[in-house]
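Engineer: Provided herewith is a single structure, encoded as structure tokens, for subsequent inquiry.
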Amino acid sequence: MRLTAPIGNGITRVTDRALGPYQSAIIRIGFSATWLLFLLREFPHRRELYGPNGPWSWELAQQLTASNDALTVLMWSDSMVWFEIVYAVAVLSTVLLLLGWRTRAMSVLFMIGVLSLQNRSVFMGDGGDNVLHLMAIYLVFVRCAQVWSLDARRARRGSARTELDGRVPEDRVGVALWCALGFALLLATFGGLVPGGLLGGWLTFFWGLWTVHALWWAAGRIESDSKPRALLDIVGNLAHNAALVVIMAEACLIYAAAGWYKIQGGRWQDGTAAYYPFHLDYFSPWASLSDLLSSSGTMVMLATYGTVIVQVAFPFTLFNRRVKNVLLAVMMTEHAVIAVVLGLPFFSLAMIAADAVFLPTPFLKRLGGLVAGVRDRVVRRLLPGRALKIPGPRRPRVPDEGEAAEQARVGFTA
């Protein structure tokens, strides 16, 4: 009995709802903002980085992707027009994912854009690109639009209309988007454009997502029986919670591997490793600032040993909330310093976005309220007399005991 109760409560919790709604929303915003800023910053050099004008030619990229079955739609054609279309779609899907519009479809297009550009020129990335590469895949399985999104606002308005007239509003835009993406997937399938076979390859992945979304829509249209929808909710909650755990484990693995590999280095053992990046031209956008930080031997030693200690200790601090929050603030500050001093802004933004999954919910709620307050003041000054509502949840009405008893639960209960 002592083991049955905790196991039953755990099963109920992971199947009843999608955990970490604010954490999943902040990583969606963080990674989409990081990728959007990168695409815009490199827009003048896009053709040399990932296009036909790059040093890594289209033929070489084709040979590499043919050997490892890497996904990139840029290999469908070597035309400059096709490259510009793919780049524009990547920017557009990233903006829409950032806003939380049709997040399920946009997360897939976001992943395709990230993989297509990065797999086109594999030597153009760094550690931050590797993190973004993995997280773009994980975001497909995460319900990252529960709060702070246009989808959440549309869901609230749909619930309000349903309470007024008793009818579920039709989602014509979603159906049209699903049909368009299905038609594009059908052309890619029969054209042999997607690498891997139908069983176990990328085609299985995309057709599986397309079919699941169709079942989700069909279950929502069945008003007489709520069991199919409840079953799909359970599957969606399990996929979301599992993906969230994988994201956390990925972040811990990154820091643990980096810390333990640093311990084996002689420069990290004698406390001088942090000195050398400050004097590399490639990592010194502010030479005077680098000289100032590396002028003190004590500061260099503290930065070297402190980096190793924080990275090695962080996975073990997850069992203590207060210590974890302190080290989390230290690591985010360290990445911010790296972005400014070493000139690695996108690497730092990617790591900060990955760290954000560990932020406590009360802090994220206060942060959202602060952003909403600043936004409202700006809107009142620019547009007097107009009010703008931020996408996200509002304070729910507390149901009485009779209503609470009638509300159906979704998860498996023990």
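Naming works like this for the structure tokens: A, B, ... for the chains as they're shown, residue 1 at the start of each chain, ligands 1 onward in shown order.
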Need to verify the contact set: region 362-369 of chain A, 9 Å, only C-alpha atoms, exclusion of same-chain residues closer than 6 positions in sequence. Can you return it as an MDAnalysis selection string?
Structural biologist: chainID A and resid 22:23 26 148
Engineer: Generate a file of the selected residues that holds all heavy atoms, formatted as a compact mmCIF listing (two decimals), in the first residue's frame.
Structural biologist:
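Writing done, so here's part_2.txt:
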# COMPACT_ATOMS: atom_id res chain seq x y z
N TYR A 22 4.08 27.01 -18.18
CA TYR A 22 4.88 28.23 -18.32
C TYR A 22 6.30 27.91 -18.75
O TYR A 22 6.90 28.66 -19.54
CB TYR A 22 4.88 28.99 -16.99
CG TYR A 22 3.53 29.57 -16.63
CD1 TYR A 22 2.63 28.86 -15.83
CD2 TYR A 22 3.15 30.82 -17.10
CE1 TYR A 22 1.39 29.38 -15.51
CE2 TYR A 22 1.90 31.35 -16.77
CZ TYR A 22 1.03 30.63 -15.98
OH TYR A 22 -0.20 31.15 -15.68
N GLN A 23 6.85 26.80 -18.28
CA GLN A 23 8.19 26.42 -18.69
C GLN A 23 8.23 26.06 -20.18
O GLN A 23 9.15 26.45 -20.90
CB GLN A 23 8.69 25.23 -17.86
CG GLN A 23 9.05 25.57 -16.43
CD GLN A 23 7.86 25.74 -15.51
OE1 GLN A 23 6.72 25.49 -15.91
NE2 GLN A 23 8.10 26.14 -14.28
N ILE A 26 8.03 29.29 -22.21
CA ILE A 26 9.24 30.12 -22.22
C ILE A 26 10.32 29.51 -23.09
O ILE A 26 11.09 30.23 -23.74
CB ILE A 26 9.74 30.35 -20.77
CG1 ILE A 26 10.71 31.55 -20.71
CG2 ILE A 26 10.41 29.12 -20.22
CD1 ILE A 26 10.07 32.86 -21.02
N TRP A 148 0.52 32.25 -22.90
CA TRP A 148 1.33 33.23 -23.63
C TRP A 148 1.35 32.93 -25.13
O TRP A 148 2.41 32.92 -25.76
CB TRP A 148 2.76 33.27 -23.09
CG TRP A 148 2.86 33.66 -21.65
CD1 TRP A 148 1.92 34.31 -20.91
CD2 TRP A 148 3.94 33.41 -20.77
NE1 TRP A 148 2.36 34.48 -19.63
CE2 TRP A 148 3.60 33.94 -19.51
CE3 TRP A 148 5.18 32.78 -20.92
CZ2 TRP A 148 4.44 33.87 -18.40
CZ3 TRP A 148 6.03 32.70 -19.83
CH2 TRP A 148 5.67 33.26 -18.59
Engineer: Could you tell me, as an MDAnalysis selection string, which residues of region 70-209 of chain A DSSP assigns to alpha helix (DSSP H) when given the backbone?
Structural biologist: chainID A and resid 80:99 103:120 127:138 150:165 172:190 202:209
Engineer: Excluding Leu96 (chain A) and its own-chain neighbours fewer than 4 positions away, which residues fall within 10 Å of it when counting only C-alpha atoms? Please give them as a VMD selection string.
Structural biologist: chain A and resid 32 91 to 92 100 to 103 105 to 107 110 149 to 150
Engineer: Excluding region 167-177 of chain A and any residue of its chain fewer than 5 positions from it, enumerate the residues within 10 Å of it, using only C-alpha atoms, and give them as a PyMOL selection string.
Structural biologist: chain A and resi 102+105+157-162+182-183+213-214+217+220-221+223
Engineer: Contacts between region 327-334 of chain A and region 280-321 of chain A, please, where a residue of region 280-321 of chain A counts if it comes within 9 Å (with only C-alpha atoms); show its shortest atom pair and distance in Å to one decimal, rows by chain and ascending number, as a Markdown table.
Structural biologist:
| residue | atom | partner | partner_atom | distance |
| --- | --- | --- | --- | --- |
| A:Thr307 | CA | A:Glu334 | CA | 8.4 |
| A:Val310 | CA | A:Leu327 | CA | 6.7 |
| A:Gln311 | CA | A:Met331 | CA | 8.3 |
| A:Ala313 | CA | A:Leu327 | CA | 8.7 |
| A:Phe314 | CA | A:Leu327 | CA | 6.7 |
| A:Thr317 | CA | A:Leu327 | CA | 8.1 |
Engineer: List every residue of region 81-149 of chain A that has an atom at most 12 Å from any atom of region 234-258 of chain A, and for each one report the closest atom pair and its distance in Å to one decimal, counting only C-alpha atoms, with rows sorted by chain and then by increasing residue number, as a tab-separated table.
Structural biologist:
residue	atom	partner	partner_atom	distance
A:Arg104	CA	A:Gly236	CA	11.6
A:Gly127	CA	A:Ile254	CA	9.9
A:Gly128	CA	A:Ile254	CA	11.1
A:Asn130	CA	A:Ile254	CA	10.7
A:Val131	CA	A:Ala251	CA	8.8
A:Leu132	CA	A:Ile247	CA	11.3
A:Leu134	CA	A:Glu250	CA	8.9
A:Met135	CA	A:Ile247	CA	7.2
A:Ala136	CA	A:Ile247	CA	10.6
A:Ile137	CA	A:Ala243	CA	9.6
A:Tyr138	CA	A:Ala243	CA	6.0
A:Leu139	CA	A:Ala243	CA	7.7
A:Val140	CA	A:Ala243	CA	8.9
A:Phe141	CA	A:His240	CA	5.6
A:Val142	CA	A:His240	CA	4.5
A:Arg143	CA	A:His240	CA	5.9
A:Cys144	CA	A:His240	CA	8.7
A:Ala145	CA	A:His240	CA	11.5
A:Gln146	CA	A:His240	CA	11.5
Engineer: Using the selection just defined, write its residues with N, CA and C atoms as a compact mmCIF listing (two decimals), in the first residue's frame.
Structural biologist:
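Saved to result.txt:
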# COMPACT_ATOMS: atom_id res chain seq x y z
N ARG A 104 1.05 23.72 -33.26
CA ARG A 104 1.37 22.34 -33.64
C ARG A 104 1.95 22.28 -35.04
N GLY A 127 28.20 25.13 -30.85
CA GLY A 127 27.47 24.42 -29.81
C GLY A 127 26.03 24.89 -29.66
N GLY A 128 25.81 26.19 -29.81
CA GLY A 128 24.44 26.71 -29.73
C GLY A 128 23.56 26.17 -30.83
N ASN A 130 23.88 23.25 -32.24
CA ASN A 130 23.58 21.85 -31.90
C ASN A 130 22.43 21.77 -30.89
N VAL A 131 22.43 22.66 -29.92
CA VAL A 131 21.34 22.69 -28.94
C VAL A 131 20.02 23.03 -29.63
N LEU A 132 20.05 24.04 -30.49
CA LEU A 132 18.84 24.43 -31.21
C LEU A 132 18.36 23.31 -32.13
N LEU A 134 18.59 20.06 -31.64
CA LEU A 134 17.90 19.05 -30.85
C LEU A 134 16.58 19.57 -30.29
N MET A 135 16.59 20.78 -29.78
CA MET A 135 15.39 21.32 -29.16
C MET A 135 14.28 21.55 -30.18
N ALA A 136 14.64 21.84 -31.43
CA ALA A 136 13.62 22.01 -32.46
C ALA A 136 12.84 20.72 -32.68
N ILE A 137 13.49 19.59 -32.54
CA ILE A 137 12.81 18.30 -32.66
C ILE A 137 11.94 18.04 -31.43
N TYR A 138 12.45 18.35 -30.25
CA TYR A 138 11.68 18.09 -29.03
C TYR A 138 10.43 18.96 -28.95
N LEU A 139 10.50 20.20 -29.48
CA LEU A 139 9.35 21.10 -29.39
C LEU A 139 8.14 20.58 -30.14
N VAL A 140 8.34 19.71 -31.12
CA VAL A 140 7.22 19.15 -31.87
C VAL A 140 6.29 18.37 -30.94
N PHE A 141 6.83 17.77 -29.90
CA PHE A 141 6.05 16.91 -29.01
C PHE A 141 5.56 17.66 -27.77
N VAL A 142 5.91 18.93 -27.63
CA VAL A 142 5.58 19.68 -26.42
C VAL A 142 4.36 20.55 -26.68
N ARG A 143 3.45 20.55 -25.73
CA ARG A 143 2.31 21.47 -25.77
C ARG A 143 2.77 22.83 -25.24
N CYS A 144 3.39 23.58 -26.12
CA CYS A 144 4.05 24.81 -25.69
C CYS A 144 3.20 26.05 -25.91
N ALA A 145 1.90 25.90 -26.14
CA ALA A 145 1.04 27.06 -26.38
C ALA A 145 -0.10 27.12 -25.38
N GLN A 146 0.07 26.51 -24.20
CA GLN A 146 -0.99 26.55 -23.20
C GLN A 146 -1.17 27.95 -22.63
Engineer: Restricting the calculation to only C-alpha atoms, which member of A:Trp210, A:Trp216, A:Phe205, A:Tyr87 is positioned closest to Cys179 (chain A)?
Structural biologist: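 Checking each of A:Trp210, A:Trp216, A:Phe205, A:Tyr87 against Cys179 (chain A), counting only C-alpha atoms, the winner is A:Trp210.
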Engineer: Point out the residue among A:Phe358, A:Tyr305, A:Trp286, A:Trp56 with the least atom-to-atom distance to Val340 (chain A), counting only C-alpha atoms.
Structural biologist: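 When distances to Val340 (chain A) are compared using only C-alpha atoms, the smallest one comes from A:Trp286.
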Engineer: From the options A:Thr298, A:Gln264, A:Ser290, A:Thr361, which residue's atoms come nearest to Val341 (chain A), counting only C-alpha atoms?
Structural biologist: A:Ser290
Engineer: Between CA of Leu98 (chain A) and CA of Ile29 (chain A), what is the distance, to one decimal in Å?
Structural biologist: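 Those two atoms sit 5.2 Å apart.
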Engineer: Quick one: pull the distance between CA of Leu40 (chain A) and CA of Ala188 (chain A), Å, one decimal.
Structural biologist: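 About the pair CA of Leu40 (chain A) and CA of Ala188 (chain A): they are 28.1 Å apart.
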Engineer: Have a look at CA of Leu185 (chain A) and CA of Phe206 (chain A) and let me know their distance in Å, one decimal.
Structural biologist: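 Those two atoms sit 7.8 Å apart.
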Engineer: If you count only C-alpha atoms, which residues fall within 12 Å of region 70-83 of chain A, apart from same-chain ones fewer than 4 positions away, as a ChimeraX atom specification?
Structural biologist: /A:46-54,57-66,87-90,109,111-122,133,137,185,188,191-196,201-203,205-206
